[in-house]
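Notes for the one structure printed next.
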Amino acid sequence: MSRPLLPVPLTLRRARLSVLLLEGLAEAAASFSKGKKLALRLQQELLAAENGFDSRTVLKAVEELKEAALEGGFGGLVIIFDELGKGLEFEARYGSDDIYLLQELAEVAARSGSTPLLFIGVLHQGFEQYGEHLMASARKEWGKVQGRFSDVAFLEPPEQQMRLAGQAIGALQPQPNKKLRELAQKAAQGLMELQQVTKTIGALAGDAAPLHPTTLIALPFLFRRFAQNERSLFAYLLSGEPHAVSALWATRKNQELIRLADLFDYFVENLLPSLSRHLFARRWIEVLDAVQRQPDLAPGDIQTLKTIGLLGILGDMGALHATFELICVALQDELDSSEVRASLERLHQQSLIVYRNYNSTYRIWEGSDIDVEAILEEGRRTASASLALSEILEKHLPRRPLVARRHSFGIGTLRYFELHYADTPGSVKAIKPDAGGEGVVLCALPGNLEEAEGFKTWAASPEVTEREDLIVVIPQQLETLREAAIEVRALHWLKETTPELRDDRVARREVAERLAQMEALLSSNVEQLLDPRPLPEGSQASYWYTGEEMDIPTPRSAVQFLSEVLDGLYNESPRILNELINRRNPSSAAAAGRRTLIEAMFDPERRHRERLGMDSDHFMPERSMYESILREGQLHTPVNPYDEASEWQFVDPPKEHPTNLTPVWNALANAIFTATQPLNVATLFQQLNGPPYGLTAGLFPILLAAFMQAHPDEISFYRDGNFVPEPGIADMEVLMRRPELFAVMGSELKGARAAVIQRMARGYNTEPALVPVVRALYKGVKSLPDTAQRTKRLPEEVLRLRDSFNQARSPEQLLFQDIPEALGLPPLTDADADEQQVETFFDALNAANTSWAEHAPKQTNQARSTLLNALGFSPNKQGWQELIAQAQELQERPLPTSLIPLINRLSATGDQASVLDGVLALIAGRSPRSWTDADAERFPTQVTKIAQTYRAAAEQLGHATPDVEKQKTQYAKHLQETLRPKTLSQTDRAALRLALLQLLQELDDTPDTNQA
């Protein structure tokens, strides 16, 4: 009698096959006395193992158990893997190479001879179906492994599965009514007449309602080919998935049959991702493409289209064929339907279906001539040869930020690490954040254990150790990731190099479906890369930081570690809990609120009021910023906290405050007050943006404005290199967009410089500090008329002084170096004050300022004198008054049109300076306050022309200049004394009158020698 075989039964779970088999061997060995010792050793090996076992170890254990079994009276071994599919699913996802252990077991079993090793695996489908998410090359390898086994197929006949489906349907509530069952029987009778079903299946139709008979027939074929046979079939019948039978039945109050179109919808809704990699994927996509190509199709035509599509798929499997009669039965439960015929004609006219005469069937129009799989195979070869794995991931996966959550919540600033990839260790200098992150998590992609060890050595090297913003992660398993990445790259390559896709909707959709599925798979594998847990949950990734391997056992501890790293890097970061503004790129609403807030901070009145004068009942964005930054941070406080009516002021923040503003405030002060030249604002922000402060772009302008307001007399502000005496919102608006255009600088005074500041402050009645003194100087200079700013008719030292103000680069350099040099004096230093030097400086400055200030009044007085001389009046105040008096007399007399404006200006009311300014502006075309030197030179010529017209008109109206009037009186007296007209007779009077007229005529005819 033959000896029995020692059974090694195993019900597999999702774990490594080598571990599961060793567990089964240990349990089987423990079941008989000869195997106890072996069982103990195997159990110890299982406890010590971390990453599974290689095939040699497992095969050796199999051989040892077989020998022990022979000694124990057994004739050999029989290893039974129930639920082998679960083990294959694990291999497909994590790629541990244990698939080849099955191949070696098959080879050992084939050579076992008289002491047999029998290996049996029970699974629902072929190896390749469990590896559907693998690359094509990997699926081929799995197919080869399956080829080492003899397949013993257990396939229930379709009739049996239909009967099971009918029995399962009996659980539906409410039960189908009699009318619906009769309708199903009618459709089954039609199918029998078409010889599509046997009488046995036809008899099932009533019991299987609400399934339509064509749906019932389709179930075993479709679920065997495209899903997991009975498991998926019963999920369709009884689960609550979208379009499943039970879900549809609950919505169909009128008790309608569930037809082929409903079954099509179920597959598309729930199984399309897995279908996209199937050999028949295009047949499903063709139907979807046809429906989408004509979005205005009537509901009935859509049902017809889906029915033809599903019948076409079933026809390829030898089940049902899309003949006219069968389509009618599937849609209308009769062999001929005018409604179905009309629907077919409409679809045919729209080129959505074609009729094949050779077998009298309809089919969805095949709109694709592209062999996607053939092109993809070429793409896989190209991708694996041309691009490294890291390049594929960087190119085709969106850069995912790894947020330090706990740190971000505590600080109020979103901070994260960027995920980068590396195939080999490289230069640390090239590894830096490029998308706004605070650090880099570098995921190594070693090809084997030796490369992984190389990464660990590199991670402990000095150049990596110095990088406090770099975390190196070294995973242990990459094979599945590598294959998924190559597939994604191949699909993108196909899209880029196949122009025919543009006009091929079916192929384009097929590629899109594949790409979506593979990108999802790739993203899932990348997530697993960073998981420190061992397989199958993670990749047993090790984390390295500053040269040491960190103790990080779980994904949660990995996320916590990111926060711990940033806590150390940004230990002096301010804590501002305002998500509107404490960010890198504020929204448009937040930017507008920030502008309004800064405008209030620079307003001379509002900055001294509580809440900067904001309405206490309204919480606009600027109000929330004020409360969370200025008020909470105690940067804006009352001068007298005990007085409700007290003014408010900007001050330095308190130490040890929850907002932690002191470190960044001190950094601002140190940078500004120690600078030997103006400090660029963009450079200053860059310094504060990095560790240890991490000041965001949203906060920086507000803190800078607060600092300037807290130190208004010590900060000098520059725009485009020029000193801005009184910065305001217009400057800050530009600064928020272009900080590189601005600079700031602090000042510290002693020696002669301090003496000058003290004396000037007393003279200008301002604060004894550099900025307010220079601001007062600028105010005086800017008050001078434009003509004083333009003229070159000034002493050389005054011209140099003016240039020093126009070209000033800093208040310190202007006051202590540029102005003294312009006056011909040495610069003022911070050495001990020399009273004589200070006195000489002020004497020269006052003299220059006086000369500069007197230019405009002197020029105006000279112009007035020129005008009075031309009109025949004395060039003094009396002459000006006489001219005005004469103009007022002439204002009511008839005058030439060209003179009226002048007479009106001279007769205007107001102060004499304004009248003079108006008269000179009329003659010269612009106010004397704005004259250039050219205007002053042209003025005498312009005066001469208008003076001639004025004098002629005045004489005709009996008015003359004061000199002429005086001589007229003298001539009249002389004539009266000489001629004695009172004693003349009538004849003498007539003769005298004629003589005087003749004399006047001769005077008019005689040329004016003075004019010549």
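Residues are named by chain letter and number: chains run A, B, ... in the order of the structure tokens, numbers start at 1 in each chain, and ligands are numbered from 1 in the order shown.
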Contacts between segment 51-67 of chain A and segment 518-572 of chain A, please, where a residue of segment 518-572 of chain A counts if it comes within 10 Å (with only C-alpha atoms); show its shortest atom pair and distance in Å to one decimal, rows by chain and ascending number, as a tab-separated table.
residue	atom	partner	partner_atom	distance
A:Pro534	CA	A:Asn51	CA	7.4
A:Leu535	CA	A:Asn51	CA	7.4
A:Pro536	CA	A:Asn51	CA	9.8
A:Gln540	CA	A:Asn51	CA	9.0
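Considering only segment 394-535 of chain A, backbone DSSP assigns strand (DSSP E or B) to Pro401, Leu402, Val403, Tyr416, Phe417, Glu418, Leu419, His420, Tyr421, Ala422, Gly439, Val440, Val441, Leu442, Cys443, Ala444, Leu470, Ile471, Val472, Val473 and Ile474 of chain A.
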| Exercise: segment 608-616 of chain A partners within 10 Å, only C-alpha atoms, chain neighbours under 2 positions left out, as JSON, numbers by chain | {"A": [597, 598, 599, 600, 601, 602, 603, 604, 605, 606, 618, 619, 620, 622, 623, 626, 627, 630, 631, 636, 637, 638, 639, 644, 645, 646, 647, 648, 649, 650]}
| Shell around Gly780 of chain A at 10 Å using only C-alpha atoms, local window under 3 positions removed, as a VMD selection string | chain A and resid 764 774 to 777 783 to 784 849 853
Selection export as a short mmCIF file (atom, residue, chain, number, x, y, z; two decimals), in the first residue's frame, atoms kept: N, CA, C and O atoms:
data_model
loop_
_atom_site.label_atom_id
_atom_site.label_comp_id
_atom_site.auth_asym_id
_atom_site.auth_seq_id
_atom_site.Cartn_x
_atom_site.Cartn_y
_atom_site.Cartn_z
N TYR A 764 15.73 125.11 13.21
CA TYR A 764 14.53 124.69 12.48
C TYR A 764 13.40 124.26 13.41
O TYR A 764 12.32 123.86 12.94
N VAL A 774 17.54 116.98 8.18
CA VAL A 774 17.70 116.98 6.72
C VAL A 774 16.33 117.18 6.06
O VAL A 774 16.23 117.85 5.03
N ARG A 775 15.29 116.64 6.68
CA ARG A 775 13.94 116.86 6.14
C ARG A 775 13.59 118.35 6.17
O ARG A 775 13.01 118.88 5.22
N ALA A 776 13.97 119.05 7.25
CA ALA A 776 13.71 120.48 7.34
C ALA A 776 14.54 121.25 6.31
O ALA A 776 14.07 122.21 5.70
N LEU A 777 15.80 120.82 6.10
CA LEU A 777 16.64 121.43 5.07
C LEU A 777 15.99 121.29 3.70
O LEU A 777 15.91 122.24 2.92
N SER A 783 10.99 124.93 -0.99
CA SER A 783 10.12 126.10 -0.97
C SER A 783 10.61 127.21 -1.89
O SER A 783 9.87 128.15 -2.17
N LEU A 784 11.85 127.14 -2.36
CA LEU A 784 12.37 128.16 -3.27
C LEU A 784 11.66 128.05 -4.61
O LEU A 784 11.31 126.96 -5.06
N ASN A 849 22.83 130.06 1.31
CA ASN A 849 21.36 130.00 1.32
C ASN A 849 20.74 131.36 1.05
O ASN A 849 19.74 131.48 0.34
N ALA A 853 18.39 132.20 -1.99
CA ALA A 853 17.02 132.64 -1.75
C ALA A 853 16.74 134.01 -2.36
O ALA A 853 15.58 134.33 -2.70
#
I'd like the neighbourhood of Ile375 of chain A as a PDB file with N, CA, C and O atoms, in the first residue's frame, where a residue qualifies if any of its atoms comes within 12 Å (using only C-alpha atoms), though same-chain residues fewer than 2 positions away should be ignored.
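Below you can see result-v8.pdb, which holds the result:
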ATOM      1  N   ILE A 370      -5.123  53.094 -35.012  1.00  0.00           N
ATOM      2  CA  ILE A 370      -3.826  53.137 -34.324  1.00  0.00           C
ATOM      3  C   ILE A 370      -3.681  51.905 -33.456  1.00  0.00           C
ATOM      4  O   ILE A 370      -4.555  51.588 -32.641  1.00  0.00           O
ATOM      5  N   ASP A 371      -2.576  51.214 -33.608  1.00  0.00           N
ATOM      6  CA  ASP A 371      -2.262  50.069 -32.758  1.00  0.00           C
ATOM      7  C   ASP A 371      -1.539  50.596 -31.522  1.00  0.00           C
ATOM      8  O   ASP A 371      -0.316  50.724 -31.495  1.00  0.00           O
ATOM      9  N   VAL A 372      -2.323  50.922 -30.505  1.00  0.00           N
ATOM     10  CA  VAL A 372      -1.767  51.562 -29.305  1.00  0.00           C
ATOM     11  C   VAL A 372      -0.722  50.673 -28.645  1.00  0.00           C
ATOM     12  O   VAL A 372       0.350  51.138 -28.238  1.00  0.00           O
ATOM     13  N   GLU A 373      -1.007  49.391 -28.525  1.00  0.00           N
ATOM     14  CA  GLU A 373      -0.102  48.489 -27.808  1.00  0.00           C
ATOM     15  C   GLU A 373       1.244  48.379 -28.511  1.00  0.00           C
ATOM     16  O   GLU A 373       2.300  48.353 -27.859  1.00  0.00           O
ATOM     17  N   GLU A 377       4.838  49.592 -26.861  1.00  0.00           N
ATOM     18  CA  GLU A 377       5.999  48.715 -26.666  1.00  0.00           C
ATOM     19  C   GLU A 377       7.283  49.420 -27.080  1.00  0.00           C
ATOM     20  O   GLU A 377       8.313  49.333 -26.394  1.00  0.00           O
ATOM     21  N   GLU A 378       7.216  50.143 -28.180  1.00  0.00           N
ATOM     22  CA  GLU A 378       8.379  50.927 -28.601  1.00  0.00           C
ATOM     23  C   GLU A 378       8.659  52.037 -27.597  1.00  0.00           C
ATOM     24  O   GLU A 378       9.819  52.341 -27.279  1.00  0.00           O
ATOM     25  N   GLY A 379       7.579  52.652 -27.071  1.00  0.00           N
ATOM     26  CA  GLY A 379       7.748  53.700 -26.066  1.00  0.00           C
ATOM     27  C   GLY A 379       8.402  53.187 -24.803  1.00  0.00           C
ATOM     28  O   GLY A 379       9.209  53.887 -24.176  1.00  0.00           O
ATOM     29  N   ARG A 380       8.080  51.979 -24.390  1.00  0.00           N
ATOM     30  CA  ARG A 380       8.704  51.413 -23.187  1.00  0.00           C
ATOM     31  C   ARG A 380      10.206  51.235 -23.384  1.00  0.00           C
ATOM     32  O   ARG A 380      11.001  51.509 -22.493  1.00  0.00           O
ATOM     33  N   ARG A 381      10.580  50.751 -24.555  1.00  0.00           N
ATOM     34  CA  ARG A 381      12.025  50.593 -24.820  1.00  0.00           C
ATOM     35  C   ARG A 381      12.719  51.939 -24.824  1.00  0.00           C
ATOM     36  O   ARG A 381      13.812  52.094 -24.283  1.00  0.00           O
ATOM     37  N   THR A 382      12.085  52.930 -25.423  1.00  0.00           N
ATOM     38  CA  THR A 382      12.682  54.266 -25.482  1.00  0.00           C
ATOM     39  C   THR A 382      12.803  54.879 -24.099  1.00  0.00           C
ATOM     40  O   THR A 382      13.829  55.466 -23.744  1.00  0.00           O
ATOM     41  N   GLU A 487       5.964  52.970 -17.750  1.00  0.00           N
ATOM     42  CA  GLU A 487       4.696  52.915 -18.477  1.00  0.00           C
ATOM     43  C   GLU A 487       4.120  54.323 -18.662  1.00  0.00           C
ATOM     44  O   GLU A 487       3.616  54.674 -19.729  1.00  0.00           O
ATOM     45  N   ALA A 490       6.118  56.047 -21.260  1.00  0.00           N
ATOM     46  CA  ALA A 490       5.808  55.506 -22.590  1.00  0.00           C
ATOM     47  C   ALA A 490       4.490  56.072 -23.112  1.00  0.00           C
ATOM     48  O   ALA A 490       4.364  56.401 -24.301  1.00  0.00           O
ATOM     49  N   LEU A 491       3.505  56.210 -22.238  1.00  0.00           N
ATOM     50  CA  LEU A 491       2.220  56.775 -22.657  1.00  0.00           C
ATOM     51  C   LEU A 491       2.362  58.236 -23.067  1.00  0.00           C
ATOM     52  O   LEU A 491       1.776  58.688 -24.052  1.00  0.00           O
ATOM     53  N   HIS A 492       3.142  58.992 -22.303  1.00  0.00           N
ATOM     54  CA  HIS A 492       3.389  60.390 -22.686  1.00  0.00           C
ATOM     55  C   HIS A 492       4.164  60.449 -24.003  1.00  0.00           C
ATOM     56  O   HIS A 492       3.901  61.310 -24.848  1.00  0.00           O
ATOM     57  N   TRP A 493       5.105  59.542 -24.154  1.00  0.00           N
ATOM     58  CA  TRP A 493       5.883  59.495 -25.409  1.00  0.00           C
ATOM     59  C   TRP A 493       4.956  59.213 -26.578  1.00  0.00           C
ATOM     60  O   TRP A 493       5.085  59.806 -27.653  1.00  0.00           O
ATOM     61  N   LEU A 494       4.003  58.289 -26.377  1.00  0.00           N
ATOM     62  CA  LEU A 494       3.039  57.979 -27.438  1.00  0.00           C
ATOM     63  C   LEU A 494       2.234  59.227 -27.806  1.00  0.00           C
ATOM     64  O   LEU A 494       2.035  59.520 -28.987  1.00  0.00           O
ATOM     65  N   LYS A 495       1.777  59.973 -26.806  1.00  0.00           N
ATOM     66  CA  LYS A 495       1.000  61.182 -27.077  1.00  0.00           C
ATOM     67  C   LYS A 495       1.826  62.224 -27.824  1.00  0.00           C
ATOM     68  O   LYS A 495       1.320  62.928 -28.697  1.00  0.00           O
ATOM     69  N   GLU A 496       3.108  62.313 -27.484  1.00  0.00           N
ATOM     70  CA  GLU A 496       3.962  63.339 -28.080  1.00  0.00           C
ATOM     71  C   GLU A 496       4.396  62.993 -29.496  1.00  0.00           C
ATOM     72  O   GLU A 496       4.654  63.890 -30.302  1.00  0.00           O
ATOM     73  N   THR A 497       4.489  61.701 -29.813  1.00  0.00           N
ATOM     74  CA  THR A 497       5.076  61.291 -31.092  1.00  0.00           C
ATOM     75  C   THR A 497       4.065  60.679 -32.055  1.00  0.00           C
ATOM     76  O   THR A 497       4.462  60.189 -33.109  1.00  0.00           O
ATOM     77  N   THR A 498       2.795  60.688 -31.703  1.00  0.00           N
ATOM     78  CA  THR A 498       1.782  60.080 -32.569  1.00  0.00           C
ATOM     79  C   THR A 498       0.772  61.140 -32.972  1.00  0.00           C
ATOM     80  O   THR A 498      -0.273  61.310 -32.321  1.00  0.00           O
ATOM     81  N   GLU A 500      -1.324  61.117 -35.233  1.00  0.00           N
ATOM     82  CA  GLU A 500      -2.616  60.565 -35.639  1.00  0.00           C
ATOM     83  C   GLU A 500      -3.644  60.575 -34.506  1.00  0.00           C
ATOM     84  O   GLU A 500      -4.852  60.500 -34.753  1.00  0.00           O
ATOM     85  N   LEU A 501      -3.171  60.649 -33.259  1.00  0.00           N
ATOM     86  CA  LEU A 501      -4.093  60.683 -32.122  1.00  0.00           C
ATOM     87  C   LEU A 501      -5.038  61.878 -32.191  1.00  0.00           C
ATOM     88  O   LEU A 501      -6.152  61.830 -31.674  1.00  0.00           O
ATOM     89  N   ALA A 507      -8.783  56.048 -29.994  1.00  0.00           N
ATOM     90  CA  ALA A 507      -7.425  55.791 -29.514  1.00  0.00           C
ATOM     91  C   ALA A 507      -7.023  56.821 -28.474  1.00  0.00           C
ATOM     92  O   ALA A 507      -6.348  56.506 -27.482  1.00  0.00           O
ATOM     93  N   VAL A 511      -5.810  55.921 -24.675  1.00  0.00           N
ATOM     94  CA  VAL A 511      -4.536  56.379 -24.095  1.00  0.00           C
ATOM     95  C   VAL A 511      -4.799  57.184 -22.828  1.00  0.00           C
ATOM     96  O   VAL A 511      -4.092  57.035 -21.822  1.00  0.00           O
TER      97      VAL A 511
END
| query | If we count only C-alpha atoms, what is near Arg584 of chain A at a cut-off of 6 Å, once residues fewer than 4 positions away on the same chain are taken out, given as an NGL selection string? | reply | :A and (696-698)
Please write the residues from the selection above to a file, keeping N, CA, C and O atoms, as an mmCIF file, in the first residue's frame.
data_model
loop_
_atom_site.group_PDB
_atom_site.id
_atom_site.type_symbol
_atom_site.label_atom_id
_atom_site.label_comp_id
_atom_site.auth_asym_id
_atom_site.auth_seq_id
_atom_site.Cartn_x
_atom_site.Cartn_y
_atom_site.Cartn_z
ATOM 1 N N THR A 696 7.584 86.030 6.136
ATOM 2 C CA THR A 696 6.929 85.861 4.840
ATOM 3 C C THR A 696 6.832 87.184 4.088
ATOM 4 O O THR A 696 6.897 88.268 4.682
ATOM 5 N N ALA A 697 6.631 87.082 2.772
ATOM 6 C CA ALA A 697 6.504 88.275 1.929
ATOM 7 C C ALA A 697 5.267 89.074 2.296
ATOM 8 O O ALA A 697 5.233 90.294 2.105
ATOM 9 N N GLY A 698 4.235 88.409 2.802
ATOM 10 C CA GLY A 698 3.034 89.132 3.192
ATOM 11 C C GLY A 698 3.251 90.013 4.408
ATOM 12 O O GLY A 698 2.714 91.122 4.503
#
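Using only C-alpha atoms, the protein and nucleic acid residues lying no more than 8 Å from segment 930-940 of chain A, apart from those fewer than 5 places from it along its own chain, are Pro785, Asp786, Thr787, Arg790, Thr791, Lys792, Arg793, Gln859, Ala863, Thr866, Leu867, Ile923 and Ala924 of chain A.
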| request: Write down as a PyMOL selection string the residues belonging to segment 234-292 of chain A that are assigned alpha helix (DSSP H) by DSSP computed on the backbone. | output: chain A and resi 234-238+245-251+260-275+281-292
Just to be explicit: take each residue in the selection above, keep C-alpha atoms, and write the result as a PDB file, in the first residue's frame.
ATOM      1  CA  PHE A 234     -22.716  38.415  -6.973  1.00  0.00           C
ATOM      2  CA  ALA A 235     -21.434  41.916  -6.198  1.00  0.00           C
ATOM      3  CA  TYR A 236     -23.318  43.060  -9.293  1.00  0.00           C
ATOM      4  CA  LEU A 237     -26.495  41.262  -8.242  1.00  0.00           C
ATOM      5  CA  LEU A 238     -26.647  42.120  -4.557  1.00  0.00           C
ATOM      6  CA  VAL A 245     -29.122  45.226  -9.760  1.00  0.00           C
ATOM      7  CA  SER A 246     -30.221  45.890  -6.195  1.00  0.00           C
ATOM      8  CA  ALA A 247     -29.475  49.630  -6.514  1.00  0.00           C
ATOM      9  CA  LEU A 248     -31.384  49.927  -9.806  1.00  0.00           C
ATOM     10  CA  TRP A 249     -34.319  47.857  -8.580  1.00  0.00           C
ATOM     11  CA  ALA A 250     -34.759  50.170  -5.595  1.00  0.00           C
ATOM     12  CA  THR A 251     -35.222  53.132  -7.959  1.00  0.00           C
ATOM     13  CA  LEU A 260     -28.013  45.126 -21.527  1.00  0.00           C
ATOM     14  CA  ALA A 261     -27.621  48.933 -21.496  1.00  0.00           C
ATOM     15  CA  ASP A 262     -27.928  48.878 -17.689  1.00  0.00           C
ATOM     16  CA  LEU A 263     -25.271  46.161 -17.486  1.00  0.00           C
ATOM     17  CA  PHE A 264     -23.015  48.264 -19.716  1.00  0.00           C
ATOM     18  CA  ASP A 265     -23.425  51.235 -17.363  1.00  0.00           C
ATOM     19  CA  TYR A 266     -22.400  49.067 -14.382  1.00  0.00           C
ATOM     20  CA  PHE A 267     -19.167  47.965 -16.028  1.00  0.00           C
ATOM     21  CA  VAL A 268     -18.260  51.476 -17.133  1.00  0.00           C
ATOM     22  CA  GLU A 269     -19.021  53.020 -13.736  1.00  0.00           C
ATOM     23  CA  ASN A 270     -17.300  50.420 -11.549  1.00  0.00           C
ATOM     24  CA  LEU A 271     -14.795  48.479 -13.642  1.00  0.00           C
ATOM     25  CA  LEU A 272     -13.579  50.858 -16.377  1.00  0.00           C
ATOM     26  CA  PRO A 273     -10.136  51.496 -14.811  1.00  0.00           C
ATOM     27  CA  SER A 274      -9.355  47.757 -14.882  1.00  0.00           C
ATOM     28  CA  LEU A 275     -10.933  47.411 -18.323  1.00  0.00           C
ATOM     29  CA  ALA A 281     -10.652  47.712 -23.686  1.00  0.00           C
ATOM     30  CA  ARG A 282     -11.116  49.447 -27.018  1.00  0.00           C
ATOM     31  CA  ARG A 283     -14.523  47.846 -27.544  1.00  0.00           C
ATOM     32  CA  TRP A 284     -15.848  49.498 -24.385  1.00  0.00           C
ATOM     33  CA  ILE A 285     -14.181  52.813 -25.177  1.00  0.00           C
ATOM     34  CA  GLU A 286     -15.634  52.835 -28.685  1.00  0.00           C
ATOM     35  CA  VAL A 287     -19.149  52.855 -27.212  1.00  0.00           C
ATOM     36  CA  LEU A 288     -18.329  55.654 -24.766  1.00  0.00           C
ATOM     37  CA  ASP A 289     -16.693  57.662 -27.518  1.00  0.00           C
ATOM     38  CA  ALA A 290     -19.716  57.250 -29.786  1.00  0.00           C
ATOM     39  CA  VAL A 291     -22.049  58.515 -27.041  1.00  0.00           C
ATOM     40  CA  GLN A 292     -19.826  61.510 -26.309  1.00  0.00           C
TER      41      GLN A 292
END
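With only C-alpha atoms as the atoms that count, the minimum distance from Gln836 of chain A to the choices A:Ala752, A:Tyr570, A:Val488, A:Leu352 is reached by A:Ala752.
Each of A:Val651, A:Leu522, A:Gly412, A:Glu466 was compared to Pro574 of chain A using only C-alpha atoms, and A:Gly412 turns out to be the nearest.
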| remark: Judged by only C-alpha atoms, the minimum distance to Ala947 of chain A among A:Thr909, A:Ala769, A:Leu902, A:Lys750 is found for A:Leu902
